[in-house]
file target.tsv (TSV, C-alpha atoms)
chain	number	residue	atom	x	y	z
Q	208	MET	CA	0.00	0.00	0.00
Q	209	ALA	CA	1.13	3.54	-0.67
Q	210	VAL	CA	1.35	5.94	2.27
Q	211	ASN	CA	1.42	9.72	2.22
Q	212	THR	CA	4.40	10.96	4.22
Q	213	ASP	CA	3.56	14.69	3.83
Q	214	ALA	CA	2.07	14.87	7.34
Q	215	ILE	CA	5.30	13.82	9.13
Q	216	GLY	CA	6.17	16.53	11.62
Q	217	LYS	CA	2.70	18.06	11.58
Q	218	THR	CA	1.56	19.35	14.99
Q	219	TYR	CA	-2.04	19.93	16.07
Q	220	PRO	CA	-3.48	22.61	18.36
Q	221	PRO	CA	-3.11	21.66	22.05
Q	222	SER	CA	-6.12	20.62	24.09
Q	223	THR	CA	-6.58	21.01	27.84
Q	224	TYR	CA	-8.25	18.47	30.13
Q	225	ALA	CA	-9.32	19.15	33.73
Q	226	VAL	CA	-8.72	16.02	35.82
Q	227	GLY	CA	-11.76	15.31	38.01
Q	228	ARG	CA	-11.78	13.26	41.22
Q	229	GLU	CA	-14.74	11.08	40.23
Q	230	LYS	CA	-13.27	10.47	36.75
Q	231	VAL	CA	-10.02	9.21	38.29
Q	232	ILE	CA	-11.98	6.92	40.63
Q	233	GLU	CA	-14.18	5.67	37.76
Q	234	TYR	CA	-11.09	4.90	35.65
Q	235	ALA	CA	-9.30	3.25	38.58
Q	236	HIS	CA	-12.26	0.91	39.16
Q	237	ALA	CA	-12.50	0.07	35.44
Q	238	VAL	CA	-8.87	-1.13	35.36
Q	239	GLY	CA	-9.09	-3.00	38.66
Q	240	GLU	CA	-6.97	-0.72	40.84
Q	241	THR	CA	-7.28	-1.37	44.57
Q	242	ASN	CA	-4.56	1.05	45.79
Q	243	PRO	CA	-6.36	3.64	47.99
Q	244	LEU	CA	-4.18	6.41	46.47
Q	245	HIS	CA	-6.45	6.13	43.40
Q	246	LEU	CA	-9.75	5.68	45.21
Q	247	ASP	CA	-9.77	7.53	48.53
Q	248	PRO	CA	-9.04	11.29	48.76
Q	249	ALA	CA	-8.19	11.01	52.48
Q	250	ALA	CA	-5.65	8.23	51.84
Q	251	ALA	CA	-4.12	10.28	49.01
Q	252	ARG	CA	-3.85	13.38	51.24
Q	253	ASP	CA	-2.27	11.30	54.02
Q	254	ALA	CA	0.36	10.23	51.47
Q	255	GLY	CA	1.08	13.87	50.61
Q	256	TYR	CA	-1.01	14.31	47.45
Q	257	ALA	CA	-3.60	17.05	47.02
Q	258	ASP	CA	-6.30	14.59	45.92
Q	259	VAL	CA	-6.68	11.11	44.40
Q	260	VAL	CA	-3.76	10.09	42.20
Q	261	ALA	CA	-4.46	9.06	38.61
Q	262	PRO	CA	-3.13	5.59	37.74
Q	263	PRO	CA	-0.28	6.01	35.22
Q	264	MET	CA	-2.40	4.60	32.37
Q	265	PHE	CA	-5.05	7.30	33.01
Q	266	ALA	CA	-2.86	9.09	30.46
Q	267	VAL	CA	-5.04	7.50	27.77
Q	268	VAL	CA	-8.02	9.53	28.96
Q	269	PHE	CA	-6.52	12.97	28.26
Q	270	SER	CA	-3.96	12.11	25.59
Q	271	GLY	CA	-6.24	9.76	23.63
Q	272	ARG	CA	-8.83	12.45	23.07
Q	273	ALA	CA	-6.13	15.00	22.22
Q	274	MET	CA	-4.93	12.68	19.46
Q	275	THR	CA	-8.30	12.36	17.73
Q	276	PRO	CA	-7.81	15.28	15.27
Q	277	ALA	CA	-4.52	13.76	14.09
Q	278	LEU	CA	-6.04	10.29	13.74
Q	279	PHE	CA	-8.86	11.65	11.57
Q	280	ASP	CA	-6.72	14.14	9.59
Q	281	PRO	CA	-7.36	13.50	5.87
Q	282	GLU	CA	-3.74	14.43	5.16
Q	283	VAL	CA	-2.65	11.50	7.36
Q	284	GLY	CA	-5.25	9.39	5.55
Q	285	ILE	CA	-5.68	6.37	7.81
Q	286	ASP	CA	-7.94	3.60	6.49
Q	287	PHE	CA	-9.81	2.82	9.72
Q	288	ALA	CA	-11.44	-0.35	8.39
Q	289	HIS	CA	-7.99	-1.97	8.32
Q	290	MET	CA	-6.32	-0.25	11.26
Q	291	VAL	CA	-5.08	-1.97	14.41
Q	292	HIS	CA	-3.31	-0.52	17.43
Q	293	GLY	CA	0.11	-2.08	17.04
Q	294	GLY	CA	2.10	-0.67	19.92
Q	295	GLN	CA	2.15	1.88	22.68
Q	296	GLU	CA	4.73	3.55	24.85
Q	297	PHE	CA	4.32	6.00	27.72
Q	298	ARG	CA	7.09	7.81	29.58
Q	299	TRP	CA	5.94	9.33	32.85
Q	300	GLY	CA	7.06	12.32	34.87
Q	301	PRO	CA	5.33	13.61	38.01
Q	302	LEU	CA	2.07	11.88	38.94
Q	303	VAL	CA	-1.23	13.42	37.84
Q	304	VAL	CA	-3.72	14.15	40.62
Q	305	ALA	CA	-7.36	15.26	40.58
Q	306	GLY	CA	-7.49	19.03	40.18
Q	307	ASP	CA	-4.63	19.14	37.67
Q	308	GLU	CA	-5.12	20.72	34.25
Q	309	ILE	CA	-3.28	18.78	31.58
Q	310	THR	CA	-2.51	20.26	28.17
Q	311	THR	CA	-1.64	17.78	25.42
Q	312	THR	CA	-0.01	18.48	22.07
Q	313	THR	CA	-0.10	15.83	19.34
Q	314	SER	CA	2.28	15.45	16.43
Q	315	VAL	CA	2.81	13.01	13.59
Q	316	LYS	CA	6.13	11.38	14.38
Q	317	ASP	CA	6.40	9.03	11.41
Q	318	VAL	CA	4.48	7.52	8.51
Q	319	SER	CA	6.09	4.61	6.72
Q	320	GLU	CA	5.37	1.46	4.74
Q	321	ARG	CA	6.92	-1.92	5.43
Q	322	GLY	CA	5.92	-5.30	4.10
Q	323	GLY	CA	2.77	-3.92	2.51
Q	324	MET	CA	1.57	-2.38	5.77
Q	325	GLY	CA	1.31	1.26	6.72
Q	326	PHE	CA	2.78	2.40	10.05
Q	327	TYR	CA	1.41	5.63	11.53
Q	328	VAL	CA	3.24	6.84	14.63
Q	329	PHE	CA	1.86	9.72	16.71
Q	330	GLU	CA	3.41	11.42	19.70
Q	331	THR	CA	1.49	13.14	22.49
Q	332	GLU	CA	3.18	15.35	25.04
Q	333	SER	CA	1.16	16.29	28.11
Q	334	VAL	CA	2.12	19.03	30.56
Q	335	ASN	CA	0.45	20.03	33.81
Q	336	GLN	CA	-0.47	23.53	35.02
Q	337	ARG	CA	3.08	23.98	36.35
Q	338	GLY	CA	4.58	23.26	32.94
Q	339	GLU	CA	5.97	19.86	34.00
Q	340	ILE	CA	5.82	17.09	31.38
Q	341	VAL	CA	3.65	14.44	33.06
Q	342	VAL	CA	3.60	11.94	30.20
Q	343	THR	CA	4.81	11.47	26.65
Q	344	GLY	CA	2.95	8.90	24.57
Q	345	THR	CA	4.06	7.16	21.38
Q	346	TRP	CA	1.13	5.54	19.56
Q	347	THR	CA	1.77	3.12	16.68
Q	348	ASN	CA	-1.17	2.28	14.45
Q	349	ILE	CA	-0.82	-0.29	11.70
Q	350	VAL	CA	-2.96	-0.40	8.58
Q	351	ARG	CA	-3.03	-3.73	6.80
Q	352	ALA	CA	-3.47	-3.78	3.04
Y	670	MET	CA	14.88	-5.80	43.31
Y	671	ASN	CA	17.44	-8.11	41.68
Y	672	THR	CA	17.98	-9.27	38.10
Y	673	GLY	CA	15.77	-12.27	37.42
Y	674	ASP	CA	13.13	-11.37	40.02
Y	675	GLN	CA	9.63	-12.15	38.77
Y	676	PHE	CA	6.06	-11.08	39.49
Y	677	GLU	CA	2.64	-12.10	38.22
Y	678	LEU	CA	-0.88	-10.72	38.10
Y	679	THR	CA	-4.01	-12.59	37.04
Y	680	VAL	CA	-7.31	-10.95	36.13
Y	681	THR	CA	-10.52	-12.14	34.46
Y	682	PRO	CA	-12.46	-9.42	32.62
Y	683	ASP	CA	-16.16	-9.88	33.34
Y	684	ARG	CA	-18.93	-9.76	30.73
Y	685	TYR	CA	-19.51	-5.99	31.04
Y	686	LEU	CA	-15.92	-4.87	31.56
Y	687	THR	CA	-15.55	-3.33	28.11
Y	688	VAL	CA	-18.70	-1.26	28.65
Y	689	ARG	CA	-17.34	0.20	31.89
Y	690	TYR	CA	-13.89	0.74	30.37
Y	691	ALA	CA	-15.41	2.46	27.31
Y	692	GLY	CA	-17.13	4.93	29.63
Y	693	ALA	CA	-14.07	5.41	31.80
Y	694	SER	CA	-11.62	5.86	28.92
Y	695	GLY	CA	-13.80	7.50	26.26
Y	696	ASP	CA	-13.07	4.79	23.67
Y	697	PHE	CA	-16.49	3.70	22.38
Y	698	ASN	CA	-15.30	1.75	19.32
Y	699	PRO	CA	-18.22	-0.67	18.77
Y	700	ILE	CA	-15.91	-3.69	18.36
Y	701	HIS	CA	-15.55	-3.51	22.16
Y	702	ILE	CA	-19.16	-3.00	23.22
Y	703	ASP	CA	-21.53	-4.23	20.46
Y	704	GLU	CA	-21.61	-8.01	20.01
Y	705	GLU	CA	-23.51	-7.85	16.71
Y	706	PHE	CA	-21.16	-5.24	15.21
Y	707	ALA	CA	-18.10	-7.22	16.31
Y	708	ARG	CA	-19.36	-10.37	14.57
Y	709	GLN	CA	-20.28	-8.41	11.43
Y	710	VAL	CA	-16.66	-7.29	11.06
Y	711	GLY	CA	-15.40	-10.84	11.45
Y	712	LEU	CA	-14.46	-10.95	15.12
Y	713	PRO	CA	-15.47	-13.93	17.27
Y	714	SER	CA	-17.15	-11.60	19.78
Y	715	ARG	CA	-16.59	-8.22	21.42
Y	716	ILE	CA	-12.87	-7.83	22.16
Y	717	LEU	CA	-10.96	-6.10	24.92
Y	718	HIS	CA	-9.50	-2.63	24.52
Y	719	GLY	CA	-5.75	-3.09	24.04
Y	720	LEU	CA	-5.11	-0.15	26.37
Y	721	TRP	CA	-7.14	-1.83	29.13
Y	722	THR	CA	-4.88	-4.86	28.80
Y	723	MET	CA	-1.84	-2.56	28.84
Y	724	ALA	CA	-3.26	-1.05	32.05
Y	725	GLN	CA	-3.18	-4.57	33.56
Y	726	VAL	CA	0.50	-4.83	32.59
Y	727	ALA	CA	1.12	-1.42	34.19
Y	728	ARG	CA	-0.81	-2.45	37.34
Y	729	ALA	CA	1.23	-5.66	37.63
Y	730	HIS	CA	4.34	-3.46	37.93
Y	731	THR	CA	2.91	-0.84	40.29
Y	732	GLU	CA	1.33	-3.44	42.62
Y	733	ALA	CA	4.46	-5.59	42.78
Y	734	LEU	CA	7.04	-2.83	42.96
Y	735	GLY	CA	5.66	-0.17	45.28
Y	736	GLY	CA	2.94	2.02	43.76
Y	737	PRO	CA	2.22	4.33	40.82
Y	738	GLU	CA	5.34	6.47	41.30
Y	739	VAL	CA	7.70	3.62	40.36
Y	740	LEU	CA	6.65	3.43	36.71
Y	741	ALA	CA	8.89	5.67	34.56
Y	742	ARG	CA	8.26	4.07	31.18
Y	743	LEU	CA	6.27	1.21	29.67
Y	744	SER	CA	6.14	0.11	26.05
Y	745	VAL	CA	4.18	-2.84	24.67
Y	746	GLN	CA	3.17	-4.44	21.41
Y	747	PHE	CA	-0.40	-5.65	20.94
Y	748	ARG	CA	-0.99	-8.99	19.24
Y	749	GLY	CA	-4.13	-10.91	18.48
Y	750	MET	CA	-7.18	-10.02	20.55
Y	751	GLY	CA	-8.15	-10.17	24.18
Y	752	LEU	CA	-11.49	-11.78	25.03
Y	753	LEU	CA	-14.02	-11.31	27.82
Y	754	GLU	CA	-14.55	-13.89	30.60
Y	755	GLN	CA	-11.17	-15.59	30.12
Y	756	GLU	CA	-8.33	-15.27	32.59
Y	757	ILE	CA	-5.34	-13.13	31.63
Y	758	THR	CA	-1.91	-13.65	33.19
Y	759	VAL	CA	0.65	-10.83	33.24
Y	760	THR	CA	4.23	-11.81	34.03
Y	761	GLY	CA	7.18	-9.52	34.60
Y	762	THR	CA	10.88	-10.32	34.93
Y	763	ALA	CA	13.65	-7.93	35.97
Y	764	ARG	CA	16.10	-7.86	33.07
Y	765	ALA	CA	18.64	-5.50	34.61
Y	766	VAL	CA	19.00	-3.56	37.84
Y	767	ASP	CA	21.46	-0.68	38.01
Y	768	GLY	CA	21.44	1.50	41.12
Y	769	ASP	CA	17.91	2.83	41.57
Y	770	VAL	CA	16.71	1.96	38.05
Y	771	ALA	CA	15.41	-1.43	36.91
Y	772	GLN	CA	14.49	-2.64	33.43
Y	773	VAL	CA	11.62	-5.13	33.40
Y	774	ASP	CA	10.38	-7.41	30.60
Y	775	SER	CA	6.70	-8.36	30.57
Y	776	GLN	CA	3.94	-10.02	28.62
Y	777	ALA	CA	0.25	-10.82	28.94
Y	778	THR	CA	-1.21	-14.17	27.93
Y	779	GLN	CA	-4.76	-15.48	27.65
Y	780	GLY	CA	-5.65	-19.08	26.80
Y	781	GLY	CA	-2.05	-19.79	25.87
Y	782	LYS	CA	-1.82	-16.85	23.46
Y	783	ARG	CA	0.31	-13.79	23.99
Y	784	ILE	CA	-1.97	-10.77	23.65
Y	785	ILE	CA	0.73	-8.34	24.78
Y	786	ARG	CA	4.36	-9.02	23.95
Y	787	ASN	CA	7.68	-7.23	24.23
Y	788	GLY	CA	6.56	-5.37	27.34
Y	789	ASP	CA	9.50	-3.22	28.39
Y	790	ALA	CA	9.43	-1.03	31.51
Y	791	GLU	CA	11.77	1.26	33.34
Y	792	ILE	CA	11.25	1.28	37.10
Y	793	ARG	CA	12.35	3.90	39.64
Y	794	LEU	CA	13.53	2.06	42.75
Y	795	GLY	CA	14.02	3.53	46.20
call {"tool": "encode", "arguments": {"input": "target.tsv", "output": "structure tokens"}}
result
Amino acid sequence: MAVNTDAIGKTYPPSTYAVGREKVIEYAHAVGETNPLHLDPAAARDAGYADVVAPPMFAVVFSGRAMTPALFDPEVGIDFAHMVHGGQEFRWGPLVVAGDEITTTTSVKDVSERGGMGFYVFETESVNQRGEIVVTGTWTNIVRA
Amino acid sequence: MNTGDQFELTVTPDRYLTVRYAGASGDFNPIHIDEEFARQVGLPSRILHGLWTMAQVARAHTEALGGPEVLARLSVQFRGMGLLEQEITVTGTARAVDGDVAQVDSQATQGGKRIIRNGDAEIRLG
């Protein structure tokens, strides 16, 4: 399959997500967390956090939605009927806690073709209200011919 | 933690797990929540969200190694498909320990198939 590499390096407008206590708790339950840091504001405060702590993989909640415009960008041109999520990496900085405001910027890191398959690699960088990078995500989507 | 140390987590996603995870994560792709749609596109049934399964790999590390602050990096590759109501086993093995940083290999299997492979984590110790 032919891929269009013109979008490599393209960056999309940042989006900001306000991390809510109940959303963190809802997510923590959905992934089976039992650590009270994620579920109990009093336990989180006793451990020195301002509010419940988001599990590291909560990153998908704010960075996944920030990536949507890139995923659907006609210039990127992903064929969704044949797309699978091939791989994922996250690199974490300071923990995210309820009350944080996280701003995520998405870019197209690479578009390539190997063995008849298209590889679309996106990067998301998420910073908190203090300007600290809380997580960088690398999302690899594979489109089969 | 020493090189070669291992940990394991087992979890069985219940029948409505993907519905709760769709709401929690915002990923409402119908292959995860609509049985009829999933079969129409050639899947055996609704399938798990890959990122939910990756969250189980992440949780295996944070539960075994001291909490959410230990996880500095995790990368995985998704293979095949995860199914509801079948036990998943996550295993992790310390590949290298150097000072207060450990490198950990991991995978997730279900019914003898690897649904996550090449899990690679960096852990902050101490």
call {"tool": "interface_residues", "arguments": {"input": "target.tsv", "of": "chain Q", "to": "chain Y", "cutoff": "6 Å", "atoms": "all atoms listed in the file", "output": "list in words"}}
result
Glu233, Tyr234, Ala237, Met264, Val268, Gly293, Gly294, Gln295, Glu296, Phe297, Arg298 and Trp299 of chain Q
call {"tool": "residues_near_point", "arguments": {"input": "target.tsv", "point": "(7.3, -1.3, -1.3)", "cutoff": "8 Å", "atoms": "all atoms listed in the file", "output": "ChimeraX atom specification"}}
result
/Q:208-209,320-323
call {"tool": "closest_residue", "arguments": {"input": "target.tsv", "among": "Y:Ile784, Y:Phe697, Y:Thr778, Y:Ile716", "to": "Glu756 (chain Y)", "atoms": "all atoms listed in the file"}}
result
Y:Thr778
call {"tool": "closest_residue", "arguments": {"input": "target.tsv", "among": "Y:Gly780, Y:Leu678, Y:Ala707, Y:Gly735", "to": "Gln755 (chain Y)", "atoms": "all atoms listed in the file"}}
result
Y:Gly780
call {"tool": "atom_distance", "arguments": {"input": "target.tsv", "atom1": "CA of Thr218 (chain Q)", "atom2": "CA of Val341 (chain Q)"}}
result
18.8 Å
call {"tool": "residues_around", "arguments": {"input": "target.tsv", "residues": "Asn671 (chain Y)", "least_positions_apart": "3", "cutoff": "12 Å", "atoms": "all atoms listed in the file", "output": "list of chain:residue names"}}
result
Y:Asp674, Y:Gln675, Y:Phe676, Y:Leu734, Y:Thr762, Y:Ala763, Y:Arg764, Y:Ala765, Y:Val766, Y:Asp767, Y:Gly768, Y:Asp769, Y:Val770, Y:Ala771, Y:Gln772, Y:Val773, Y:Leu794
call {"tool": "residues_around", "arguments": {"input": "target.tsv", "residues": "region 248-254 of chain Q", "least_positions_apart": "3", "cutoff": "12 Å", "atoms": "all atoms listed in the file", "output": "list in words"}}
result
Gly227, Arg228, Glu229, Val231, Ile232, Asn242, Pro243, Leu244, His245, Ala257, Asp258, Val259, Val260, Ala261, Leu302, Val303, Val304, Ala305 and Gly306 of chain Q; Gly736, Pro737 and Glu738 of chain Y
call {"tool": "atom_distance", "arguments": {"input": "target.tsv", "atom1": "CA of Gln776 (chain Y)", "atom2": "CA of Val291 (chain Q)"}}
result
18.7 Å
call {"tool": "closest_residue", "arguments": {"input": "target.tsv", "among": "Q:Leu246, Q:Ala273, Q:Val328, Q:Val226", "to": "Ile285 (chain Q)", "atoms": "all atoms listed in the file"}}
result
Q:Val328
call {"tool": "closest_residue", "arguments": {"input": "target.tsv", "among": "Q:His236, Q:Arg337, Q:Lys230, Q:Arg272", "to": "Thr312 (chain Q)", "atoms": "only C-alpha atoms"}}
result
Q:Arg272
call {"tool": "decode", "arguments": {"input": "target.tsv", "residues": "region 698-727 of chain Y", "atoms": "N, CA and C atoms", "output": "tab-separated table (two decimals), in the first residue's frame"}}
result
chain	number	residue	atom	x	y	z
Y	698	ASN	N	-15.34	2.57	20.54
Y	698	ASN	CA	-15.30	1.75	19.32
Y	698	ASN	C	-16.23	0.55	19.50
Y	699	PRO	N	-17.22	0.38	18.56
Y	699	PRO	CA	-18.22	-0.67	18.77
Y	699	PRO	C	-17.67	-2.10	18.79
Y	700	ILE	N	-16.47	-2.32	18.28
Y	700	ILE	CA	-15.91	-3.69	18.36
Y	700	ILE	C	-15.73	-4.13	19.81
Y	701	HIS	N	-15.73	-3.17	20.75
Y	701	HIS	CA	-15.55	-3.51	22.16
Y	701	HIS	C	-16.86	-3.65	22.93
Y	702	ILE	N	-17.93	-3.09	22.40
Y	702	ILE	CA	-19.16	-3.00	23.22
Y	702	ILE	C	-20.41	-3.53	22.52
Y	703	ASP	N	-20.34	-3.82	21.22
Y	703	ASP	CA	-21.53	-4.23	20.46
Y	703	ASP	C	-21.26	-5.61	19.84
Y	704	GLU	N	-21.87	-6.62	20.43
Y	704	GLU	CA	-21.61	-8.01	20.01
Y	704	GLU	C	-21.94	-8.20	18.52
Y	705	GLU	N	-23.08	-7.65	18.10
Y	705	GLU	CA	-23.51	-7.85	16.71
Y	705	GLU	C	-22.54	-7.19	15.74
Y	706	PHE	N	-22.11	-5.95	16.07
Y	706	PHE	CA	-21.16	-5.24	15.21
Y	706	PHE	C	-19.85	-6.02	15.14
Y	707	ALA	N	-19.38	-6.50	16.28
Y	707	ALA	CA	-18.10	-7.22	16.31
Y	707	ALA	C	-18.15	-8.43	15.38
Y	708	ARG	N	-19.25	-9.18	15.43
Y	708	ARG	CA	-19.36	-10.37	14.57
Y	708	ARG	C	-19.46	-9.98	13.11
Y	709	GLN	N	-20.15	-8.87	12.82
Y	709	GLN	CA	-20.28	-8.41	11.43
Y	709	GLN	C	-18.93	-8.10	10.81
Y	710	VAL	N	-17.97	-7.62	11.63
Y	710	VAL	CA	-16.66	-7.29	11.06
Y	710	VAL	C	-15.68	-8.45	11.22
Y	711	GLY	N	-16.23	-9.64	11.51
Y	711	GLY	CA	-15.40	-10.84	11.45
Y	711	GLY	C	-14.71	-11.24	12.74
Y	712	LEU	N	-15.06	-10.57	13.84
Y	712	LEU	CA	-14.46	-10.95	15.12
Y	712	LEU	C	-15.31	-12.05	15.76
Y	713	PRO	N	-14.70	-12.86	16.64
Y	713	PRO	CA	-15.47	-13.93	17.27
Y	713	PRO	C	-16.52	-13.40	18.25
Y	714	SER	N	-16.26	-12.20	18.79
Y	714	SER	CA	-17.15	-11.60	19.78
Y	714	SER	C	-16.60	-10.19	20.02
Y	715	ARG	N	-17.20	-9.47	20.98
Y	715	ARG	CA	-16.59	-8.22	21.42
Y	715	ARG	C	-15.17	-8.52	21.92
Y	716	ILE	N	-14.25	-7.61	21.69
Y	716	ILE	CA	-12.87	-7.83	22.16
Y	716	ILE	C	-12.47	-6.74	23.15
Y	717	LEU	N	-11.46	-7.06	23.92
Y	717	LEU	CA	-10.96	-6.10	24.92
Y	717	LEU	C	-10.28	-4.92	24.25
Y	718	HIS	N	-10.33	-3.77	24.92
Y	718	HIS	CA	-9.50	-2.63	24.52
Y	718	HIS	C	-8.03	-2.99	24.80
Y	719	GLY	N	-7.17	-2.81	23.82
Y	719	GLY	CA	-5.75	-3.09	24.04
Y	719	GLY	C	-5.19	-2.26	25.19
Y	720	LEU	N	-5.65	-1.02	25.31
Y	720	LEU	CA	-5.11	-0.15	26.37
Y	720	LEU	C	-5.60	-0.56	27.76
Y	721	TRP	N	-6.75	-1.26	27.84
Y	721	TRP	CA	-7.14	-1.83	29.13
Y	721	TRP	C	-6.15	-2.93	29.50
Y	722	THR	N	-5.82	-3.77	28.51
Y	722	THR	CA	-4.88	-4.86	28.80
Y	722	THR	C	-3.52	-4.28	29.16
Y	723	MET	N	-3.10	-3.21	28.47
Y	723	MET	CA	-1.84	-2.56	28.84
Y	723	MET	C	-1.91	-2.02	30.26
Y	724	ALA	N	-3.10	-1.54	30.67
Y	724	ALA	CA	-3.26	-1.05	32.05
Y	724	ALA	C	-3.07	-2.19	33.06
Y	725	GLN	N	-3.42	-3.42	32.67
Y	725	GLN	CA	-3.18	-4.57	33.56
Y	725	GLN	C	-1.68	-4.84	33.68
Y	726	VAL	N	-0.96	-4.66	32.55
Y	726	VAL	CA	0.50	-4.83	32.59
Y	726	VAL	C	1.10	-3.75	33.49
Y	727	ALA	N	0.62	-2.52	33.35
Y	727	ALA	CA	1.12	-1.42	34.19
Y	727	ALA	C	0.83	-1.71	35.67
